[in-house]
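K.L.:
So I've got this file, coords_20.pdb, and it contains PDB, C-alpha atoms:
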```pdb
ATOM      1  CA  MET A   4      13.118  30.551   3.398
ATOM      2  CA  MET A   5      10.535  27.967   4.438
ATOM      3  CA  LYS A   6       9.798  27.122   0.800
ATOM      4  CA  LYS A   7      13.461  26.198   0.205
ATOM      5  CA  LYS A   8      13.501  23.923   3.253
ATOM      6  CA  MET A   9      10.326  22.143   2.154
ATOM      7  CA  LEU A  10      11.630  21.635  -1.354
ATOM      8  CA  LYS A  11      14.872  20.255   0.020
ATOM      9  CA  ARG A  12      13.036  17.862   2.334
ATOM     10  CA  PHE A  13      10.810  16.553  -0.411
ATOM     11  CA  LYS A  14      13.705  16.317  -2.819
ATOM     12  CA  ASN A  15      15.552  14.095  -0.341
ATOM     13  CA  THR A  16      12.724  11.808   0.693
ATOM     14  CA  LEU A  17      10.124  11.432  -2.017
ATOM     15  CA  MET A  18      10.641   9.033  -4.881
ATOM     16  CA  GLU A  19      11.267  10.346  -8.333
ATOM     17  CA  ASN A  20       8.194  11.332 -10.326
ATOM     18  CA  ASP A  21       9.511   9.200 -13.208
ATOM     19  CA  LYS A  22       8.692   6.028 -11.266
ATOM     20  CA  VAL A  23       5.142   7.179 -10.617
ATOM     21  CA  GLU A  24       4.761   8.306 -14.230
ATOM     22  CA  ASN A  25       6.017   4.898 -15.440
ATOM     23  CA  PHE A  26       3.571   3.174 -13.101
ATOM     24  CA  LYS A  27       0.670   5.238 -14.426
ATOM     25  CA  LYS A  28       1.773   4.692 -18.043
ATOM     26  CA  LEU A  29       1.913   0.913 -17.542
ATOM     27  CA  LEU A  30      -1.617   0.852 -16.150
ATOM     28  CA  VAL A  31      -2.913   3.165 -18.904
ATOM     29  CA  ASP A  32      -1.224   1.092 -21.636
ATOM     30  CA  LYS A  33      -2.769  -2.105 -20.236
ATOM     31  CA  GLY A  34      -6.172  -0.503 -19.611
ATOM     32  CA  LEU A  35      -5.947  -1.185 -15.863
ATOM     33  CA  THR A  36      -7.364   0.615 -12.849
ATOM     34  CA  ILE A  37      -6.407   0.424  -9.177
ATOM     35  CA  VAL A  38      -8.106   0.791  -5.820
ATOM     36  CA  CYS A  39      -6.273   0.835  -2.477
ATOM     37  CA  ALA A  40      -6.910   0.109   1.189
ATOM     38  CA  GLU A  41      -4.235   1.797   3.244
ATOM     39  CA  SER A  42      -3.405   1.456   6.899
ATOM     40  CA  MET A  43       0.224   2.380   7.698
ATOM     41  CA  THR A  44       0.598   4.538   4.564
ATOM     42  CA  ALA A  45      -2.535   6.490   5.541
ATOM     43  CA  GLY A  46      -3.350   7.631   1.998
ATOM     44  CA  LEU A  47       0.223   8.168   0.821
ATOM     45  CA  LEU A  48      -0.057   5.460  -1.851
ATOM     46  CA  ALA A  49      -3.109   7.045  -3.481
ATOM     47  CA  SER A  50      -1.639  10.515  -3.052
ATOM     48  CA  THR A  51       1.568   9.414  -4.761
ATOM     49  CA  ILE A  52      -0.315   7.880  -7.682
ATOM     50  CA  ALA A  53      -2.408  11.055  -7.925
ATOM     51  CA  SER A  54       0.730  13.223  -8.021
ATOM     52  CA  VAL A  55       1.143  12.781 -11.787
ATOM     53  CA  ASP A  56      -1.023  14.188 -14.552
ATOM     54  CA  GLY A  57      -3.678  11.809 -15.799
ATOM     55  CA  ALA A  58      -3.826   9.748 -12.602
ATOM     56  CA  SER A  59      -7.615   9.773 -12.731
ATOM     57  CA  SER A  60      -7.415   7.385 -15.683
ATOM     58  CA  VAL A  61      -6.031   4.651 -13.391
ATOM     59  CA  LEU A  62      -6.807   5.534  -9.757
ATOM     60  CA  ILE A  63     -10.382   4.732  -8.791
ATOM     61  CA  GLY A  64      -9.912   5.511  -5.116
ATOM     62  CA  SER A  65      -8.442   4.628  -1.769
ATOM     63  CA  ILE A  66      -9.735   3.944   1.705
ATOM     64  CA  VAL A  67      -7.652   4.763   4.755
ATOM     65  CA  THR A  68      -8.460   2.200   7.428
ATOM     66  CA  TYR A  69      -5.980   3.148  10.099
ATOM     67  CA  ASP A  70      -8.037   1.969  13.045
ATOM     68  CA  PRO A  71      -8.852  -1.757  13.342
ATOM     69  CA  LYS A  72     -12.528  -0.936  13.931
ATOM     70  CA  PHE A  73     -12.643   0.799  10.564
ATOM     71  CA  LYS A  74     -11.086  -2.237   8.873
ATOM     72  CA  ILE A  75     -13.907  -4.306  10.358
ATOM     73  CA  ALA A  76     -16.728  -1.841   9.575
ATOM     74  CA  ILE A  77     -15.714  -0.770   6.060
ATOM     75  CA  LEU A  78     -13.699  -3.663   4.641
ATOM     76  CA  ASP A  79     -15.457  -6.497   6.461
ATOM     77  CA  VAL A  80     -12.289  -7.772   8.135
ATOM     78  CA  ASP A  81     -13.231 -10.474  10.628
ATOM     79  CA  PRO A  82     -12.642  -9.213  14.200
ATOM     80  CA  LYS A  83     -11.257 -12.661  15.064
ATOM     81  CA  THR A  84      -8.558 -12.216  12.413
ATOM     82  CA  ILE A  85      -7.392  -9.008  14.069
ATOM     83  CA  GLU A  86      -7.675 -10.549  17.534
ATOM     84  CA  THR A  87      -5.694 -13.632  16.519
ATOM     85  CA  HIS A  88      -3.159 -12.135  14.107
ATOM     86  CA  THR A  89      -3.300  -8.355  14.914
ATOM     87  CA  ALA A  90      -4.199  -5.503  12.586
ATOM     88  CA  GLU A  91      -0.627  -5.565  11.248
ATOM     89  CA  SER A  92      -0.589  -9.025   9.684
ATOM     90  CA  MET A  93      -0.787 -10.693   6.300
ATOM     91  CA  GLN A  94      -4.109 -12.280   7.252
ATOM     92  CA  THR A  95      -5.658  -8.868   7.967
ATOM     93  CA  THR A  96      -4.168  -7.410   4.797
ATOM     94  CA  ILE A  97      -5.645 -10.181   2.643
ATOM     95  CA  GLU A  98      -9.069  -9.661   4.209
ATOM     96  CA  MET A  99      -8.739  -5.919   3.506
ATOM     97  CA  THR A 100      -8.079  -6.711  -0.164
ATOM     98  CA  ASN A 101     -11.052  -9.047  -0.305
ATOM     99  CA  GLY A 102     -13.185  -6.293   1.217
ATOM    100  CA  LEU A 103     -11.992  -3.889  -1.475
ATOM    101  CA  LYS A 104     -13.044  -6.341  -4.147
ATOM    102  CA  LYS A 105     -16.585  -6.280  -2.749
ATOM    103  CA  LEU A 106     -16.661  -2.467  -2.601
ATOM    104  CA  TYR A 107     -15.080  -1.743  -5.997
ATOM    105  CA  PRO A 108     -15.602  -4.809  -8.194
ATOM    106  CA  ILE A 109     -14.869  -2.828 -11.388
ATOM    107  CA  ALA A 110     -11.192  -2.225 -10.569
ATOM    108  CA  SER A 111      -8.429  -4.302 -12.167
ATOM    109  CA  ILE A 112      -5.937  -4.159  -9.298
ATOM    110  CA  PHE A 113      -6.740  -4.235  -5.593
ATOM    111  CA  VAL A 114      -3.962  -3.482  -3.114
ATOM    112  CA  SER A 115      -3.886  -3.320   0.680
ATOM    113  CA  ILE A 116      -1.123  -2.530   3.138
ATOM    114  CA  THR A 117      -0.628  -2.847   6.873
ATOM    115  CA  GLY A 118       2.565  -2.598   8.852
ATOM    116  CA  VAL A 119       4.610  -0.865  11.496
ATOM    117  CA  ALA A 120       6.010   2.566  10.596
ATOM    118  CA  SER A 121       6.732   3.461  14.214
ATOM    119  CA  LEU A 122       6.326   1.766  17.543
ATOM    120  CA  PRO A 123       3.561   3.113  19.785
ATOM    121  CA  LYS A 124       4.286   4.909  22.997
ATOM    122  CA  ASP A 125       3.458   2.927  26.129
ATOM    123  CA  ASP A 126       0.512   5.209  26.914
ATOM    124  CA  SER A 127      -1.158   4.813  23.490
ATOM    125  CA  GLY A 128      -3.150   1.741  24.421
ATOM    126  CA  TYR A 129      -2.646   0.373  20.907
ATOM    127  CA  LYS A 130      -1.234  -3.147  20.756
ATOM    128  CA  ILE A 131       1.257  -4.102  18.077
ATOM    129  CA  ASP A 132       2.369  -7.721  18.002
ATOM    130  CA  VAL A 133       5.927  -7.979  19.303
ATOM    131  CA  LYS A 134       6.697 -10.276  16.344
ATOM    132  CA  ASN A 135       6.373  -7.258  14.064
ATOM    133  CA  GLU A 136       9.467  -5.141  14.083
ATOM    134  CA  LEU A 137       9.797  -1.544  13.023
ATOM    135  CA  GLY A 138       9.527  -1.346   9.238
ATOM    136  CA  GLN A 139       7.605  -4.619   8.833
ATOM    137  CA  ILE A 140       4.989  -4.277   6.106
ATOM    138  CA  TYR A 141       2.397  -6.627   4.668
ATOM    139  CA  VAL A 142       1.019  -6.063   1.182
ATOM    140  CA  SER A 143      -1.631  -8.030  -0.657
ATOM    141  CA  ILE A 144      -2.340  -7.415  -4.317
ATOM    142  CA  SER A 145      -5.173  -8.992  -6.251
ATOM    143  CA  TYR A 146      -4.807  -8.971 -10.032
ATOM    144  CA  ASN A 147      -6.338 -11.272 -12.650
ATOM    145  CA  ASP A 148      -8.107 -13.222  -9.892
ATOM    146  CA  LYS A 149      -4.769 -14.064  -8.268
ATOM    147  CA  MET A 150      -3.741 -12.930  -4.797
ATOM    148  CA  PHE A 151      -0.108 -11.948  -4.300
ATOM    149  CA  GLU A 152       1.224 -11.720  -0.749
ATOM    150  CA  LYS A 153       4.310  -9.674  -0.037
ATOM    151  CA  SER A 154       6.086  -9.045   3.229
ATOM    152  CA  ILE A 155       9.300  -7.158   3.876
ATOM    153  CA  VAL A 156      11.076  -5.278   6.643
ATOM    154  CA  LEU A 157      12.028  -1.793   5.452
ATOM    155  CA  ASN A 158      14.984  -0.130   7.109
ATOM    156  CA  GLY A 159      14.107   3.537   6.762
ATOM    157  CA  GLY A 160      14.363   4.237  10.476
ATOM    158  CA  GLU A 161      12.070   7.259  10.519
ATOM    159  CA  ARG A 162       8.299   6.887  10.301
ATOM    160  CA  ASN A 163       7.692   8.843   7.097
ATOM    161  CA  VAL A 164      10.726   7.390   5.342
ATOM    162  CA  ILE A 165       9.347   3.901   6.032
ATOM    163  CA  ARG A 166       5.940   4.957   4.674
ATOM    164  CA  GLU A 167       7.546   6.360   1.510
ATOM    165  CA  GLN A 168       9.636   3.200   1.070
ATOM    166  CA  ALA A 169       6.442   1.159   1.462
ATOM    167  CA  VAL A 170       4.759   3.104  -1.336
ATOM    168  CA  GLU A 171       7.752   2.627  -3.609
ATOM    169  CA  TYR A 172       7.810  -1.098  -2.776
ATOM    170  CA  ILE A 173       4.113  -1.404  -3.642
ATOM    171  CA  LEU A 174       4.485   0.415  -6.968
ATOM    172  CA  ASP A 175       7.472  -1.773  -7.877
ATOM    173  CA  SER A 176       5.586  -4.924  -6.836
ATOM    174  CA  ILE A 177       2.520  -4.068  -8.904
ATOM    175  CA  MET A 178       4.625  -3.252 -11.970
ATOM    176  CA  GLU A 179       6.478  -6.548 -11.570
ATOM    177  CA  ILE A 180       3.244  -8.533 -11.218
ATOM    178  CA  VAL A 181       1.529  -6.867 -14.177
ATOM    179  CA  ASN A 182       4.584  -7.222 -16.419
ATOM    180  CA  SER A 183       5.121 -10.832 -15.358
ATOM    181  CA  LEU A 184       1.536 -11.925 -15.967
ATOM    182  CA  GLU A 185       1.190  -9.944 -19.185
ATOM    183  CA  SER A 186       4.368 -11.502 -20.609
ATOM    184  CA  LYS A 187       2.971 -14.994 -19.824
ATOM    185  CA  TYR A 188      -0.181 -14.180 -21.787
ATOM    186  CA  GLU A 189       1.792 -12.778 -24.726
ATOM    187  CA  ASN A 190       3.947 -15.914 -25.125
TER     188      ASN A 190
END
```
Just give me the structure of the file as structure tokens.
P.N.:
Amino acid sequence: MMKKKMLKRFKNTLMENDKVENFKKLLVDKGLTIVCAESMTAGLLASTIASVDGASSVLIGSIVTYDPKFKIAILDVDPKTIETHTAESMQTTIEMTNGLKKLYPIASIFVSITGVASLPKDDSGYKIDVKNELGQIYVSISYNDKMFEKSIVLNGGERNVIREQAVEYILDSIMEIVNSLESKYEN
């Protein structure tokens, strides 16, 4: 009985495997690799990419930097950036991407995400900028030495639905960027 419930839940909330397969195929066809720094998605982006056969040909790795201190220690995010703009900001996300580029210089695509999947309880002690509403995400993608900044408010309501929507948004954004730049070079 539990197996049926789990299958139903995943059928209703996870994106279609075709999208992930198309994403992987695009990167394989172009000879591209990807590395991720994930905060609000907490590894879901890399896990989603890895959910299709042959993902190891494109996915180099992912770092989950949920805590601001980890962003500072691993990805070299400036503490002043987090203090001034918060951990859930475009400025922090860009610095995360730049940190990835130092750690994994052989990758073709570098992507980072921060955002607000749920609001903290009053007793958590974790500060989220009141300017950031539920569902606000910040994504930075570096490809071909260009930095692309994307920001959107997702309206999934529930924490994990927002995280899944964020992953889908990132995959769509990367495919759009790669296709757009590749078509410029082909013309």
K.L.:
On this file, the PyMOL selection byres ((chain A and resi 180) around 12) gives some set of residues; write that set as a list in words.
P.N.:
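Checking the PyMOL selection byres ((chain A and resi 180) around 12) against this file, the residues are Phe26, Leu29, Leu30, Ile112, Val114, Ser143, Ile144, Ser145, Tyr146, Asn147, Lys149, Met150, Phe151, Glu152, Lys153, Ile173, Leu174, Asp175, Ser176, Ile177, Met178, Glu179, Val181, Asn182, Ser183, Leu184, Glu185, Ser186 and Lys187 of chain A.
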K.L.:
Compare A:Gly57, A:Ile63, A:Gly102, A:Ser92 by their minimum atom-to-atom distance to Ala76 (chain A), counting all atoms listed in the file, and give me the closest one.
P.N.:
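For Ala76 (chain A), the nearest of the given residues is A:Gly102.
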K.L.:
At what distance in Å, to one decimal, does CA of Lys105 (chain A) lie from CA of Lys28 (chain A)?
P.N.:
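We find that CA of Lys28 (chain A) and CA of Lys105 (chain A) lie 26.3 Å from each other.
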K.L.:
Can you turn the PyMOL selection byres ((chain A and resi 52) around 9) into a concrete residue list for this file, as a ChimeraX atom specification?
P.N.:
/A:23-24,26-27,47-51,53-55,58,61-62,174
K.L.:
Quick one: which residues end up in the PyMOL selection byres ((chain A and resi 117) around 9) for this structure, as an MDAnalysis selection string?
P.N.:
chainID A and resid 40:44 69 90:93 95:96 115:116 118:119 139:142
K.L.:
Interatomic distance between CA of Leu122 (chain A) and CA of Glu136 (chain A)?
P.N.:
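Computed distance, CA of Leu122 (chain A) to CA of Glu136 (chain A), equals 8.3 Å.
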